[in-house]
Amino acid sequence: MSFPFYIARRYLFSKKSTNAINVISAISMAGVVVATMALVIVMSVFNGFHDLVASFSTQFDPQLKVIPTEGKTAPADDPILTEIRQLPEVDVATECVEDQALAMFRDKQSMVILKGVDDNFDELTHIREVTYGDGEFQLRTVDLMYGTLGIRLAQDLGMGARFGDYLRIYAPRRDGQLDLANPSDGFVVDSLISPGVVFSTRQGKYDKSYIICPVAFTRLLFDQQGMLSSLELRLKNGSNLNAVKREMRRIAGDKYHVLDRFEQQADTFKIMQIEKLIAYLFLTFILVVACFNIIGSLSMLIIDKKNDIATLRNLGANDRQITRIFLFEGRLIAAIGAVIGILLGLLLCWLQQEFGLVGMGGSTGMFVINAYPVSVHYSDVLVIFLTVIAVSWVAVWYPVRYFSRKLL
């Protein structure tokens with residue numbers, strides 16, 4: 001143990017001649033504790049929302065999605081896509097044709113996104129887990145085409161899970177010219193019926209706009225025979241997602257993008273990361289303000305220990321060693337405050353996870369969850385600890401050297 005550190009430790013825990021110094025030291029440590037605890041809690045809440053949104057995406061988004069880099073569709077028999085779907089790690093491959101159309105039910109209409117999928121779509125995703133009604137999810141029978149609507153879209157169109165009429169779908173023709181005398185000839189029209197269920201992913205962009213239907217229906221409606229807009233994949237259990245994704249990207253080259261679930265929702269997760277970064281920067285600024293209390297307590301301690309410093313000089317201590325005593329004092333306050341703050345933050349996060357102490361507000365069931373979600377990522381805890389140490393150590397370095405020269 002170095003001499004400056006030993007003296008700094010004694011000064012930190014010993015009784016000072018002026019009681020105000022003890023109080024100020026306690027306040028400065030408390031400021032670090034509160035700022036650190038706030039960082040842990042706020043970062044964990046952002047992680048909780050991130051993980052919550054990610055859990056919703058697993059119900060509808062495929063594990064991997066291959067889309068063309070140029071244009072909206074690509075040939076379904078492209079050798080590149082064939083090679084990708086034949087990789088040994090691929091368990092389920094579904095061809096999709098997705099585009100916008102106009103849906104009309106009786107006197108109501110809405111712009112929708114038709115997602116045409118293969119019959120194995122329920123093996124690709126967890127769609128059956130998020131369907132509600134008195135029927136079951138299915139795409140077609142021998143001569144009937146079914147359309148499963150998002151729950152909010154069904155509400156907007158005035159439909160229930162089992163609607164007793166045809167849902168008319170209109171899509172613009174891709175060839176020929178529009179005859180203004182007979183505009184209806186400019187559209188391809190077809191109909192879907194209800195399988196008796198709707199789906200609810202708890203994501204507005206799906207629940208309010210999407211209709212899941214057979215890929216044969218969308219290919220005919222959009223005149224995309226033999227084409228696909230995406231190849232959606234699920235891997236076998238135990239497969240290394242990142243390694244398989246790298247291999248697929250190597251095969252795809254510049255012709256296709258290979259996206260995992262987070263990349264499919266890139267805008268949403270990017271916004272959440274930016275919000276988390278902004279919260280981190282604001283709380284770090286509060287931490288910097290809290291460190292000014294450490295500077296105040298150290299300056300008073302330097303004045304209080306003038307006689308002790310003279311004794312240390314007589315015993316052979318030089319100015320550098322004396323300055324390091326007070327640097328260590330400030331760093332000890334910061335380190336102890338950081339550890340206590342992290343422990344308290346982790347304790348509060350655990351209590352929130354177990355008991356939901358802080359609710360979302362409103363009545364039960366109004367939101368997707370009743371209490372704020374919390375997820376502790378220990379990489380964040382490490383970053384917070386290093387941030388507190390770095391900010392506090394930098395904050396006390398210059399003031400201690402300045403006061404040491406002026407007052408000693």
# chains A, B, ... in the order shown; residues from 1 in each chain; ligands from 1

$ residues_around --residues "Val376 in chain A" --least-positions-apart "3" --cutoff "12 Å" --atoms "only C-alpha atoms" --output "mmCIF file with N, CA and C atoms, in the first residue's frame"
data_model
loop_
_atom_site.group_PDB
_atom_site.id
_atom_site.type_symbol
_atom_site.label_atom_id
_atom_site.label_comp_id
_atom_site.auth_asym_id
_atom_site.auth_seq_id
_atom_site.Cartn_x
_atom_site.Cartn_y
_atom_site.Cartn_z
ATOM 1 N N LEU A 39 -28.165 6.337 -13.076
ATOM 2 C CA LEU A 39 -27.645 5.797 -14.331
ATOM 3 C C LEU A 39 -27.996 4.323 -14.481
ATOM 4 N N VAL A 40 -27.806 3.547 -13.430
ATOM 5 C CA VAL A 40 -28.108 2.116 -13.498
ATOM 6 C C VAL A 40 -29.591 1.886 -13.779
ATOM 7 N N ILE A 41 -30.455 2.609 -13.060
ATOM 8 C CA ILE A 41 -31.898 2.395 -13.202
ATOM 9 C C ILE A 41 -32.383 2.829 -14.579
ATOM 10 N N VAL A 42 -31.992 4.018 -15.019
ATOM 11 C CA VAL A 42 -32.478 4.532 -16.306
ATOM 12 C C VAL A 42 -31.976 3.668 -17.460
ATOM 13 N N MET A 43 -30.688 3.289 -17.433
ATOM 14 C CA MET A 43 -30.170 2.419 -18.495
ATOM 15 C C MET A 43 -30.906 1.074 -18.514
ATOM 16 N N SER A 44 -31.211 0.540 -17.348
ATOM 17 C CA SER A 44 -31.904 -0.756 -17.268
ATOM 18 C C SER A 44 -33.335 -0.651 -17.768
ATOM 19 N N VAL A 45 -33.999 0.478 -17.520
ATOM 20 C CA VAL A 45 -35.361 0.664 -18.037
ATOM 21 C C VAL A 45 -35.345 0.740 -19.564
ATOM 22 N N PHE A 46 -34.376 1.470 -20.123
ATOM 23 C CA PHE A 46 -34.265 1.513 -21.580
ATOM 24 C C PHE A 46 -34.002 0.114 -22.136
ATOM 25 N N ASN A 47 -33.142 -0.650 -21.453
ATOM 26 C CA ASN A 47 -32.900 -2.028 -21.883
ATOM 27 C C ASN A 47 -34.184 -2.848 -21.811
ATOM 28 N N GLY A 48 -34.991 -2.604 -20.776
ATOM 29 C CA GLY A 48 -36.243 -3.326 -20.629
ATOM 30 C C GLY A 48 -37.189 -3.071 -21.787
ATOM 31 N N PHE A 49 -37.326 -1.803 -22.191
ATOM 32 C CA PHE A 49 -38.178 -1.481 -23.333
ATOM 33 C C PHE A 49 -37.609 -2.079 -24.622
ATOM 34 N N HIS A 50 -36.279 -2.043 -24.752
ATOM 35 C CA HIS A 50 -35.633 -2.632 -25.929
ATOM 36 C C HIS A 50 -35.945 -4.119 -26.022
ATOM 37 N N ASP A 51 -35.791 -4.841 -24.922
ATOM 38 C CA ASP A 51 -36.049 -6.281 -24.924
ATOM 39 C C ASP A 51 -37.537 -6.570 -25.137
ATOM 40 N N ILE A 342 -24.181 1.620 -7.544
ATOM 41 C CA ILE A 342 -24.468 0.474 -8.411
ATOM 42 C C ILE A 342 -25.241 -0.596 -7.649
ATOM 43 N N GLY A 345 -28.742 0.625 -7.147
ATOM 44 C CA GLY A 345 -29.444 0.589 -8.432
ATOM 45 C C GLY A 345 -29.850 -0.828 -8.807
ATOM 46 N N LEU A 346 -28.937 -1.789 -8.614
ATOM 47 C CA LEU A 346 -29.255 -3.189 -8.911
ATOM 48 C C LEU A 346 -30.361 -3.704 -7.995
ATOM 49 N N LEU A 347 -30.331 -3.293 -6.723
ATOM 50 C CA LEU A 347 -31.372 -3.704 -5.786
ATOM 51 C C LEU A 347 -32.743 -3.181 -6.227
ATOM 52 N N LEU A 348 -32.805 -1.900 -6.603
ATOM 53 C CA LEU A 348 -34.080 -1.328 -7.040
ATOM 54 C C LEU A 348 -34.560 -1.961 -8.344
ATOM 55 N N CYS A 349 -33.625 -2.286 -9.231
ATOM 56 C CA CYS A 349 -34.009 -2.957 -10.481
ATOM 57 C C CYS A 349 -34.594 -4.337 -10.186
ATOM 58 N N TRP A 350 -33.984 -5.065 -9.247
ATOM 59 C CA TRP A 350 -34.503 -6.377 -8.872
ATOM 60 C C TRP A 350 -35.900 -6.260 -8.265
ATOM 61 N N GLN A 352 -38.058 -3.931 -8.851
ATOM 62 C CA GLN A 352 -38.994 -3.595 -9.930
ATOM 63 C C GLN A 352 -39.332 -4.833 -10.760
ATOM 64 N N GLN A 353 -38.337 -5.667 -11.031
ATOM 65 C CA GLN A 353 -38.580 -6.888 -11.792
ATOM 66 C C GLN A 353 -39.512 -7.834 -11.049
ATOM 67 N N PRO A 373 -40.711 -2.008 -17.573
ATOM 68 C CA PRO A 373 -39.831 -3.177 -17.711
ATOM 69 C C PRO A 373 -38.392 -2.811 -17.352
ATOM 70 N N SER A 379 -22.842 -5.251 -19.074
ATOM 71 C CA SER A 379 -21.915 -4.398 -19.836
ATOM 72 C C SER A 379 -22.216 -2.931 -19.554
ATOM 73 N N ASP A 380 -23.513 -2.587 -19.408
ATOM 74 C CA ASP A 380 -23.880 -1.215 -19.052
ATOM 75 C C ASP A 380 -23.393 -0.860 -17.651
ATOM 76 N N VAL A 381 -23.495 -1.810 -16.722
ATOM 77 C CA VAL A 381 -23.023 -1.565 -15.347
ATOM 78 C C VAL A 381 -21.535 -1.261 -15.359
ATOM 79 N N LEU A 382 -20.772 -2.015 -16.141
ATOM 80 C CA LEU A 382 -19.333 -1.762 -16.232
ATOM 81 C C LEU A 382 -19.056 -0.387 -16.822
#

$ residues_around --residues "range 116-120 of chain A" --least-positions-apart "4" --cutoff "8 Å" --atoms "only C-alpha atoms" --output "number ranges by chain"
A: 92, 94-98, 124, 139, 212-219

$ select_by_dssp --residues "range 216-364 of chain A" --states "strand (DSSP E or B)" --output "number ranges by chain"
A: 227-228, 230-235, 256-260, 359

$ residues_around --residues "Arg261 in chain A" --least-positions-apart "4" --cutoff "10 Å" --atoms "only C-alpha atoms" --output "PDB file with N, CA and C atoms, in the first residue's frame"
ATOM      1  N   ALA A  54     -38.213  -6.187 -28.774  1.00  0.00           N
ATOM      2  CA  ALA A  54     -37.593  -7.322 -29.461  1.00  0.00           C
ATOM      3  C   ALA A  54     -38.437  -8.587 -29.316  1.00  0.00           C
ATOM      4  N   SER A  57     -41.253  -8.531 -31.817  1.00  0.00           N
ATOM      5  CA  SER A  57     -40.841  -8.767 -33.199  1.00  0.00           C
ATOM      6  C   SER A  57     -40.652 -10.248 -33.489  1.00  0.00           C
ATOM      7  N   THR A  58     -40.320 -11.048 -32.477  1.00  0.00           N
ATOM      8  CA  THR A  58     -40.119 -12.476 -32.714  1.00  0.00           C
ATOM      9  C   THR A  58     -41.421 -13.175 -33.077  1.00  0.00           C
ATOM     10  N   PHE A  60     -43.686 -12.098 -35.240  1.00  0.00           N
ATOM     11  CA  PHE A  60     -44.114 -11.831 -36.617  1.00  0.00           C
ATOM     12  C   PHE A  60     -42.929 -11.797 -37.576  1.00  0.00           C
ATOM     13  N   ASP A  61     -41.828 -11.198 -37.161  1.00  0.00           N
ATOM     14  CA  ASP A  61     -40.672 -11.092 -38.045  1.00  0.00           C
ATOM     15  C   ASP A  61     -39.927 -12.420 -38.110  1.00  0.00           C
ATOM     16  N   PRO A  62     -39.418 -12.777 -39.292  1.00  0.00           N
ATOM     17  CA  PRO A  62     -38.638 -14.016 -39.400  1.00  0.00           C
ATOM     18  C   PRO A  62     -37.266 -13.858 -38.756  1.00  0.00           C
ATOM     19  N   GLN A  63     -36.629 -14.980 -38.505  1.00  0.00           N
ATOM     20  CA  GLN A  63     -35.291 -14.948 -37.919  1.00  0.00           C
ATOM     21  C   GLN A  63     -34.302 -14.278 -38.866  1.00  0.00           C
ATOM     22  N   LEU A  64     -34.384 -14.598 -40.150  1.00  0.00           N
ATOM     23  CA  LEU A  64     -33.564 -13.955 -41.175  1.00  0.00           C
ATOM     24  C   LEU A  64     -34.447 -13.651 -42.382  1.00  0.00           C
ATOM     25  N   LYS A  65     -34.154 -12.543 -43.043  1.00  0.00           N
ATOM     26  CA  LYS A  65     -34.957 -12.114 -44.185  1.00  0.00           C
ATOM     27  C   LYS A  65     -34.021 -11.685 -45.303  1.00  0.00           C
ATOM     28  N   GLN A 265     -36.034  -4.207 -37.968  1.00  0.00           N
ATOM     29  CA  GLN A 265     -36.669  -3.127 -37.204  1.00  0.00           C
ATOM     30  C   GLN A 265     -35.631  -2.039 -36.888  1.00  0.00           C
ATOM     31  N   ALA A 266     -34.743  -1.783 -37.846  1.00  0.00           N
ATOM     32  CA  ALA A 266     -33.592  -0.917 -37.585  1.00  0.00           C
ATOM     33  C   ALA A 266     -33.999   0.474 -37.106  1.00  0.00           C
TER      34      ALA A 266
END

$ select_by_dssp --residues "range 95-326 of chain A" --states "helix (DSSP H, G or I)" --output "ChimeraX atom specification"
/A:121-124,127-130,151-156,183-186,204-207,215-221,241-252,261-264,266-304,306-314,319-326

$ closest_residue --among "A:Gly356, A:Pro75, A:Gly158, A:Pro88" --to "Leu231 in chain A" --atoms "only C-alpha atoms"
A:Pro75

$ closest_residue --among "A:Pro4, A:Met300, A:Val396, A:Arg162" --to "Arg320 in chain A" --atoms "only C-alpha atoms"
A:Pro4

$ atom_distance --atom1 "CA of Ser299 in chain A" --atom2 "CA of Val400 in chain A"
7.3 Å

$ closest_atom_pairs --of "range 228-291 of chain A" --to "range 30-35 of chain A" --cutoff "12 Å" --atoms "only C-alpha atoms" --output "CSV"
residue,atom,partner,partner_atom,distance
A:Tyr280,CA,A:Ala35,CA,10.7
A:Leu281,CA,A:Ala35,CA,11.8
A:Phe282,CA,A:Ala35,CA,10.5
A:Leu283,CA,A:Ala35,CA,6.8
A:Thr284,CA,A:Ala35,CA,7.8
A:Phe285,CA,A:Ala35,CA,9.4
A:Ile286,CA,A:Ala35,CA,6.7
A:Leu287,CA,A:Ala35,CA,5.4
A:Val288,CA,A:Val32,CA,9.0
A:Val289,CA,A:Gly31,CA,8.8
A:Ala290,CA,A:Gly31,CA,5.1
A:Cys291,CA,A:Val32,CA,7.0

$ write_last_selection --atoms "all heavy atoms" --output "mmCIF file, in the first residue's frame"
data_model
loop_
_atom_site.group_PDB
_atom_site.id
_atom_site.type_symbol
_atom_site.label_atom_id
_atom_site.label_comp_id
_atom_site.auth_asym_id
_atom_site.auth_seq_id
_atom_site.Cartn_x
_atom_site.Cartn_y
_atom_site.Cartn_z
ATOM 1 N N TYR A 280 -28.138 8.881 -21.047
ATOM 2 C CA TYR A 280 -26.824 8.633 -20.450
ATOM 3 C C TYR A 280 -26.010 9.922 -20.355
ATOM 4 O O TYR A 280 -25.388 10.216 -19.322
ATOM 5 C CB TYR A 280 -26.085 7.587 -21.280
ATOM 6 C CG TYR A 280 -24.611 7.453 -20.980
ATOM 7 C CD1 TYR A 280 -24.170 6.731 -19.871
ATOM 8 C CD2 TYR A 280 -23.663 8.033 -21.811
ATOM 9 C CE1 TYR A 280 -22.822 6.602 -19.606
ATOM 10 C CE2 TYR A 280 -22.313 7.909 -21.559
ATOM 11 C CZ TYR A 280 -21.888 7.192 -20.456
ATOM 12 O OH TYR A 280 -20.551 7.075 -20.188
ATOM 13 N N LEU A 281 -26.035 10.734 -21.417
ATOM 14 C CA LEU A 281 -25.263 11.987 -21.408
ATOM 15 C C LEU A 281 -25.825 12.977 -20.392
ATOM 16 O O LEU A 281 -25.057 13.649 -19.682
ATOM 17 C CB LEU A 281 -25.274 12.604 -22.814
ATOM 18 C CG LEU A 281 -24.535 11.803 -23.896
ATOM 19 C CD1 LEU A 281 -24.703 12.467 -25.252
ATOM 20 C CD2 LEU A 281 -23.053 11.663 -23.549
ATOM 21 N N PHE A 282 -27.154 13.081 -20.287
ATOM 22 C CA PHE A 282 -27.751 13.992 -19.314
ATOM 23 C C PHE A 282 -27.403 13.577 -17.888
ATOM 24 O O PHE A 282 -27.060 14.417 -17.049
ATOM 25 C CB PHE A 282 -29.280 14.025 -19.488
ATOM 26 C CG PHE A 282 -29.745 15.074 -20.457
ATOM 27 C CD1 PHE A 282 -30.282 14.714 -21.681
ATOM 28 C CD2 PHE A 282 -29.646 16.424 -20.149
ATOM 29 C CE1 PHE A 282 -30.706 15.676 -22.588
ATOM 30 C CE2 PHE A 282 -30.068 17.395 -21.044
ATOM 31 C CZ PHE A 282 -30.605 17.022 -22.269
ATOM 32 N N LEU A 283 -27.496 12.290 -17.597
ATOM 33 C CA LEU A 283 -27.189 11.826 -16.243
ATOM 34 C C LEU A 283 -25.698 11.942 -15.945
ATOM 35 O O LEU A 283 -25.311 12.168 -14.794
ATOM 36 C CB LEU A 283 -27.659 10.382 -16.074
ATOM 37 C CG LEU A 283 -29.183 10.206 -16.066
ATOM 38 C CD1 LEU A 283 -29.558 8.741 -16.093
ATOM 39 C CD2 LEU A 283 -29.786 10.875 -14.830
ATOM 40 N N THR A 284 -24.865 11.806 -16.961
ATOM 41 C CA THR A 284 -23.426 12.020 -16.759
ATOM 42 C C THR A 284 -23.155 13.484 -16.420
ATOM 43 O O THR A 284 -22.282 13.793 -15.585
ATOM 44 C CB THR A 284 -22.647 11.603 -18.020
ATOM 45 O OG1 THR A 284 -22.906 10.220 -18.287
ATOM 46 C CG2 THR A 284 -21.148 11.797 -17.818
ATOM 47 N N PHE A 285 -23.894 14.385 -17.049
ATOM 48 C CA PHE A 285 -23.750 15.802 -16.708
ATOM 49 C C PHE A 285 -24.143 16.045 -15.250
ATOM 50 O O PHE A 285 -23.479 16.808 -14.536
ATOM 51 C CB PHE A 285 -24.620 16.647 -17.639
ATOM 52 C CG PHE A 285 -24.601 18.118 -17.314
ATOM 53 C CD1 PHE A 285 -23.512 18.904 -17.639
ATOM 54 C CD2 PHE A 285 -25.676 18.713 -16.671
ATOM 55 C CE1 PHE A 285 -23.490 20.257 -17.332
ATOM 56 C CE2 PHE A 285 -25.670 20.058 -16.353
ATOM 57 C CZ PHE A 285 -24.566 20.836 -16.688
ATOM 58 N N ILE A 286 -25.210 15.392 -14.797
ATOM 59 C CA ILE A 286 -25.601 15.513 -13.386
ATOM 60 C C ILE A 286 -24.500 14.959 -12.489
ATOM 61 O O ILE A 286 -24.218 15.514 -11.412
ATOM 62 C CB ILE A 286 -26.930 14.774 -13.149
ATOM 63 C CG1 ILE A 286 -28.063 15.477 -13.908
ATOM 64 C CG2 ILE A 286 -27.267 14.680 -11.662
ATOM 65 C CD1 ILE A 286 -29.379 14.747 -13.875
ATOM 66 N N LEU A 287 -23.859 13.896 -12.932
ATOM 67 C CA LEU A 287 -22.733 13.337 -12.174
ATOM 68 C C LEU A 287 -21.593 14.339 -12.065
ATOM 69 O O LEU A 287 -20.961 14.467 -11.010
ATOM 70 C CB LEU A 287 -22.261 12.048 -12.852
ATOM 71 C CG LEU A 287 -21.016 11.386 -12.276
ATOM 72 C CD1 LEU A 287 -21.285 10.888 -10.854
ATOM 73 C CD2 LEU A 287 -20.563 10.227 -13.166
ATOM 74 N N VAL A 288 -21.318 15.054 -13.158
ATOM 75 C CA VAL A 288 -20.265 16.076 -13.131
ATOM 76 C C VAL A 288 -20.592 17.141 -12.092
ATOM 77 O O VAL A 288 -19.722 17.571 -11.323
ATOM 78 C CB VAL A 288 -20.096 16.706 -14.532
ATOM 79 C CG1 VAL A 288 -19.159 17.909 -14.466
ATOM 80 C CG2 VAL A 288 -19.578 15.674 -15.515
ATOM 81 N N VAL A 289 -21.870 17.567 -12.053
ATOM 82 C CA VAL A 289 -22.276 18.553 -11.053
ATOM 83 C C VAL A 289 -22.080 18.001 -9.652
ATOM 84 O O VAL A 289 -21.613 18.702 -8.739
ATOM 85 C CB VAL A 289 -23.749 18.966 -11.291
ATOM 86 C CG1 VAL A 289 -24.228 19.891 -10.181
ATOM 87 C CG2 VAL A 289 -23.897 19.642 -12.644
ATOM 88 N N ALA A 290 -22.417 16.719 -9.461
ATOM 89 C CA ALA A 290 -22.253 16.103 -8.138
ATOM 90 C C ALA A 290 -20.791 16.073 -7.722
ATOM 91 O O ALA A 290 -20.472 16.153 -6.519
ATOM 92 C CB ALA A 290 -22.835 14.696 -8.148
ATOM 93 N N CYS A 291 -19.891 15.981 -8.688
ATOM 94 C CA CYS A 291 -18.461 15.927 -8.361
ATOM 95 C C CYS A 291 -17.949 17.254 -7.796
ATOM 96 O O CYS A 291 -16.891 17.279 -7.141
ATOM 97 C CB CYS A 291 -17.651 15.537 -9.593
ATOM 98 S SG CYS A 291 -17.836 13.795 -10.043
#

$ closest_residue --among "A:Glu70, A:Arg168, A:Phe163, A:Met37" --to "Val388 in chain A" --atoms "only C-alpha atoms"
A:Met37

$ atom_distance --atom1 "CA of Ala38 in chain A" --atom2 "CA of Tyr398 in chain A"
26.5 Å

$ residues_around --residues "Phe222 in chain A" --least-positions-apart "5" --cutoff "10 Å" --atoms "only C-alpha atoms" --output "list in words"
Val97, Glu98, Asp99, Gln100, Ala101, Tyr170, Ala171, Pro172, Arg173, Arg174, Phe187, Val188 and Phe217 of chain A
